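J.: This is the structure I want to talk about, given as structure tokens.
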Amino acid sequence: MIKFFRNIRQTLIMENKTGKYLKYAIGEIVLVVIGILLALQINNWNENRKMHLQEIKLLSDLQLELKKTLDEIKEGMELIKVTIEDINRIEYYIKNGLPYSTELDSSFGRIPHNYAGFFNSAAYNSLKTMGIGIIQNEKLRMEIINMYDVKFLSIPDYTIDENLIRSSVVFPYYAKHVMYSENSTYTAKPNNFNDLKNNPEFLNILRLIKRQRIRGIERFNDVLIPLNKLIENIKTDLDSKN
């Protein structure tokens, strides 16, 4: 093709047809410019298509990650609620002067245990590496950032306080006054329940744990509502792209 155009130019020059040559030269330049513009447009289309597919993949990964986190939060909240019920049951026995019952074994066994609350953020880290701007929906982009960089960060703060209470207060007290079962991690029995009934330190520990667990429920609820909304918004955005 290049040789063909070159032959035309040489023929026009040799025949001294300057006017036609200038028109031809201008036409050739126009064709070259059009070719370049078309190539750039095709390249931009390919790049945009590639970015579009990457955005869909990242949003899909985020959706899956957030759904797993949602399940973990719900599971964690159920465990916290169970331990609060365990504390209420023990307090009921104490306030009403009831004798010890084996139904309290599981309550004493579960009290020291709690949900850790550490979430996977691999998909979000991949998004940050790729560039958060790849998410075209600005509102959705801000929701994702707020969820990972603000909402989720409130959970580790609660977990740190919870672990501190367990390690410095609950476990040391349990080591002296409560015996765990050899066959079950979540079964334990006080060495002397009557002594615990009249022990202000034990009663205060129960209140301290319950207060912390109620705080945990509040923290998780603060995350749960916007998390459900974010998962739904990602689904809506993905549906619009497919």
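To be explicit about the labels: the chains of the structure tokens are called A, B, and onward in the order shown, and within each one the residues are counted from 1, while ligands get numbers from 1 in the order they are shown.
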Determine which residues of chain A receive a DSSP assignment of alpha helix (DSSP H), computed from the backbone, and state them as a PyMOL selection string.

T.: chain A and resi 2-14+18-95+104-110+122-130+138-146+154-165+171-177+193-197+200-241

J.: I'd like a table as a tab-separated table: residues in region 106-164 of chain A with an atom no more than 12 Å from region 58-65 of chain A, each row giving the shortest atom pair and its distance in Å to one decimal, only C-alpha atoms counted, sorted by chain and rising residue number.

T.:
```
residue	atom	partner	partner_atom	distance
A:Phe119	CA	A:Glu65	CA	9.0
A:Asn120	CA	A:Glu65	CA	7.1
A:Ser121	CA	A:Glu65	CA	7.3
A:Ala122	CA	A:Glu65	CA	8.1
A:Ala123	CA	A:Leu62	CA	5.4
A:Tyr124	CA	A:Leu62	CA	6.6
A:Asn125	CA	A:Leu62	CA	10.0
A:Ser126	CA	A:Leu58	CA	7.7
A:Leu127	CA	A:Leu58	CA	6.4
A:Lys128	CA	A:Leu58	CA	10.2
A:Thr129	CA	A:Leu58	CA	11.1
A:Met130	CA	A:Leu58	CA	9.2
A:Gly131	CA	A:Leu58	CA	10.7
A:Ile132	CA	A:Leu58	CA	10.0
A:Gly133	CA	A:Leu58	CA	11.8
A:Ile134	CA	A:Leu58	CA	9.1
A:Ile135	CA	A:Leu59	CA	8.1
A:Gln136	CA	A:Leu59	CA	10.9
A:Asn137	CA	A:Leu59	CA	11.1
A:Leu140	CA	A:Leu59	CA	10.2
A:Arg141	CA	A:Leu59	CA	10.2
A:Ile144	CA	A:Leu62	CA	8.9
A:Ile145	CA	A:Leu62	CA	11.6
A:Met147	CA	A:Leu62	CA	11.4
A:Tyr148	CA	A:Leu62	CA	10.8
```

J.: For the residues in the current selection, export N, CA and C atoms as an mmCIF file, in the first residue's frame.

T.:
```
data_model
loop_
_atom_site.group_PDB
_atom_site.id
_atom_site.type_symbol
_atom_site.label_atom_id
_atom_site.label_comp_id
_atom_site.auth_asym_id
_atom_site.auth_seq_id
_atom_site.Cartn_x
_atom_site.Cartn_y
_atom_site.Cartn_z
ATOM 1 N N PHE A 119 -11.837 -9.415 60.114
ATOM 2 C CA PHE A 119 -12.443 -9.656 58.812
ATOM 3 C C PHE A 119 -11.392 -9.708 57.706
ATOM 4 N N ASN A 120 -11.688 -10.513 56.700
ATOM 5 C CA ASN A 120 -10.813 -10.597 55.523
ATOM 6 C C ASN A 120 -11.010 -9.361 54.649
ATOM 7 N N SER A 121 -9.918 -8.774 54.183
ATOM 8 C CA SER A 121 -10.015 -7.583 53.327
ATOM 9 C C SER A 121 -9.147 -7.730 52.076
ATOM 10 N N ALA A 122 -8.961 -8.979 51.623
ATOM 11 C CA ALA A 122 -8.107 -9.237 50.459
ATOM 12 C C ALA A 122 -8.644 -8.543 49.213
ATOM 13 N N ALA A 123 -9.961 -8.605 49.005
ATOM 14 C CA ALA A 123 -10.561 -7.986 47.813
ATOM 15 C C ALA A 123 -10.397 -6.467 47.847
ATOM 16 N N TYR A 124 -10.566 -5.894 49.030
ATOM 17 C CA TYR A 124 -10.410 -4.437 49.156
ATOM 18 C C TYR A 124 -8.955 -4.031 48.937
ATOM 19 N N ASN A 125 -8.023 -4.825 49.417
ATOM 20 C CA ASN A 125 -6.603 -4.533 49.196
ATOM 21 C C ASN A 125 -6.263 -4.601 47.705
ATOM 22 N N SER A 126 -6.853 -5.562 47.004
ATOM 23 C CA SER A 126 -6.645 -5.659 45.555
ATOM 24 C C SER A 126 -7.202 -4.431 44.848
ATOM 25 N N LEU A 127 -8.353 -3.960 45.328
ATOM 26 C CA LEU A 127 -8.972 -2.767 44.752
ATOM 27 C C LEU A 127 -8.071 -1.549 44.943
ATOM 28 N N LYS A 128 -7.499 -1.411 46.135
ATOM 29 C CA LYS A 128 -6.612 -0.268 46.403
ATOM 30 C C LYS A 128 -5.351 -0.353 45.564
ATOM 31 N N THR A 129 -4.849 -1.573 45.356
ATOM 32 C CA THR A 129 -3.667 -1.749 44.517
ATOM 33 C C THR A 129 -3.969 -1.360 43.075
ATOM 34 N N MET A 130 -5.126 -1.764 42.586
ATOM 35 C CA MET A 130 -5.540 -1.444 41.225
ATOM 36 C C MET A 130 -5.850 0.044 41.074
ATOM 37 N N GLY A 131 -6.349 0.631 42.161
ATOM 38 C CA GLY A 131 -6.752 2.041 42.128
ATOM 39 C C GLY A 131 -8.230 2.155 42.383
ATOM 40 N N ILE A 132 -8.605 2.777 43.501
ATOM 41 C CA ILE A 132 -10.014 2.832 43.887
ATOM 42 C C ILE A 132 -10.860 3.543 42.843
ATOM 43 N N GLY A 133 -10.199 4.380 42.017
ATOM 44 C CA GLY A 133 -10.911 5.118 40.987
ATOM 45 C C GLY A 133 -11.481 4.253 39.887
ATOM 46 N N ILE A 134 -11.117 2.972 39.857
ATOM 47 C CA ILE A 134 -11.655 2.072 38.836
ATOM 48 C C ILE A 134 -13.154 1.872 39.029
ATOM 49 N N ILE A 135 -13.659 2.103 40.256
ATOM 50 C CA ILE A 135 -15.098 2.040 40.515
ATOM 51 C C ILE A 135 -15.726 3.311 39.971
ATOM 52 N N GLN A 136 -16.501 3.187 38.923
ATOM 53 C CA GLN A 136 -17.056 4.347 38.233
ATOM 54 C C GLN A 136 -18.134 5.058 39.038
ATOM 55 N N ASN A 137 -18.916 4.296 39.784
ATOM 56 C CA ASN A 137 -19.993 4.868 40.591
ATOM 57 C C ASN A 137 -19.393 5.553 41.821
ATOM 58 N N LEU A 140 -21.003 4.719 45.250
ATOM 59 C CA LEU A 140 -20.651 3.365 45.661
ATOM 60 C C LEU A 140 -19.204 3.313 46.117
ATOM 61 N N ARG A 141 -18.338 4.015 45.412
ATOM 62 C CA ARG A 141 -16.916 4.062 45.766
ATOM 63 C C ARG A 141 -16.726 4.604 47.181
ATOM 64 N N ILE A 144 -17.845 2.036 49.837
ATOM 65 C CA ILE A 144 -16.857 0.970 50.043
ATOM 66 C C ILE A 144 -15.726 1.466 50.931
ATOM 67 N N ILE A 145 -15.214 2.658 50.647
ATOM 68 C CA ILE A 145 -14.126 3.227 51.447
ATOM 69 C C ILE A 145 -14.571 3.412 52.892
ATOM 70 N N MET A 147 -16.884 1.824 54.510
ATOM 71 C CA MET A 147 -17.111 0.546 55.180
ATOM 72 C C MET A 147 -15.793 -0.041 55.690
ATOM 73 N N TYR A 148 -14.788 -0.076 54.820
ATOM 74 C CA TYR A 148 -13.524 -0.726 55.192
ATOM 75 C C TYR A 148 -12.638 0.149 56.077
#
```

J.: For Ser106 (chain A), which residue out of A:Pro172, A:Pro190, A:Pro156, A:Gly76 is the nearest one, using only C-alpha atoms?

T.: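 Using only C-alpha atoms, the shortest distance to Ser106 (chain A) belongs to A:Pro190.
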
J.: Quick check, in Å to one decimal: how far apart do CA of Arg49 (chain A) and CA of Leu66 (chain A) lie?

T.: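 Interatomic distance here is 25.6 Å.
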
J.: Could you tell me how far CA of Leu238 (chain A) lies from CA of Ile56 (chain A), in Å and to one decimal?

T.: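 If I compute the distance from CA of Leu238 (chain A) to CA of Ile56 (chain A), I get 6.6 Å.
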
J.: For Arg215 (chain A), which of A:Asp161, A:Asp105, A:Glu201, A:Glu182 is the closest residue, counting only C-alpha atoms?

T.: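 Of A:Asp161, A:Asp105, A:Glu201, A:Glu182, the one nearest Arg215 (chain A), counting only C-alpha atoms, is A:Asp161.
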
J.: Name the residues in contact with Phe202 (chain A) at a cut-off of 12 Å, using only C-alpha atoms, excluding same-chain residues fewer than 6 positions from it; report them as a ChimeraX atom specification.

T.: /A:87,90-91,94,108,169-170,172-174,176-178,190,193-196,208-209

J.: Could you write out, as an MDAnalysis selection string, all the residues of region 12-241 of chain A that DSSP marks as strand (DSSP E)?

T.: chainID A and resid 178:180 188:190

J.: Could you write those residues out with C-alpha atoms, as a PDB file, in the first residue's frame?

T.:
```pdb
ATOM      1  CA  VAL A 178     -13.681 -22.204  88.340  1.00  0.00           C
ATOM      2  CA  MET A 179     -12.764 -25.666  87.076  1.00  0.00           C
ATOM      3  CA  TYR A 180     -13.117 -26.498  83.379  1.00  0.00           C
ATOM      4  CA  ALA A 188     -17.048 -25.433  83.592  1.00  0.00           C
ATOM      5  CA  LYS A 189     -18.140 -25.563  87.218  1.00  0.00           C
ATOM      6  CA  PRO A 190     -17.331 -23.159  90.086  1.00  0.00           C
TER       7      PRO A 190
END
```

J.: What does the structure give for the distance between CA of Ser101 (chain A) and CA of Phe171 (chain A), in Å to one decimal?

T.: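 Separation between CA of Ser101 (chain A) and CA of Phe171 (chain A): 22.4 Å.
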
J.: When you count only C-alpha atoms, which of these residues is closest to Asn88 (chain A): A:Leu104, A:Ile160, A:Leu230, A:Ile165?

T.: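 Of A:Leu104, A:Ile160, A:Leu230, A:Ile165, the one nearest Asn88 (chain A), counting only C-alpha atoms, is A:Leu104.
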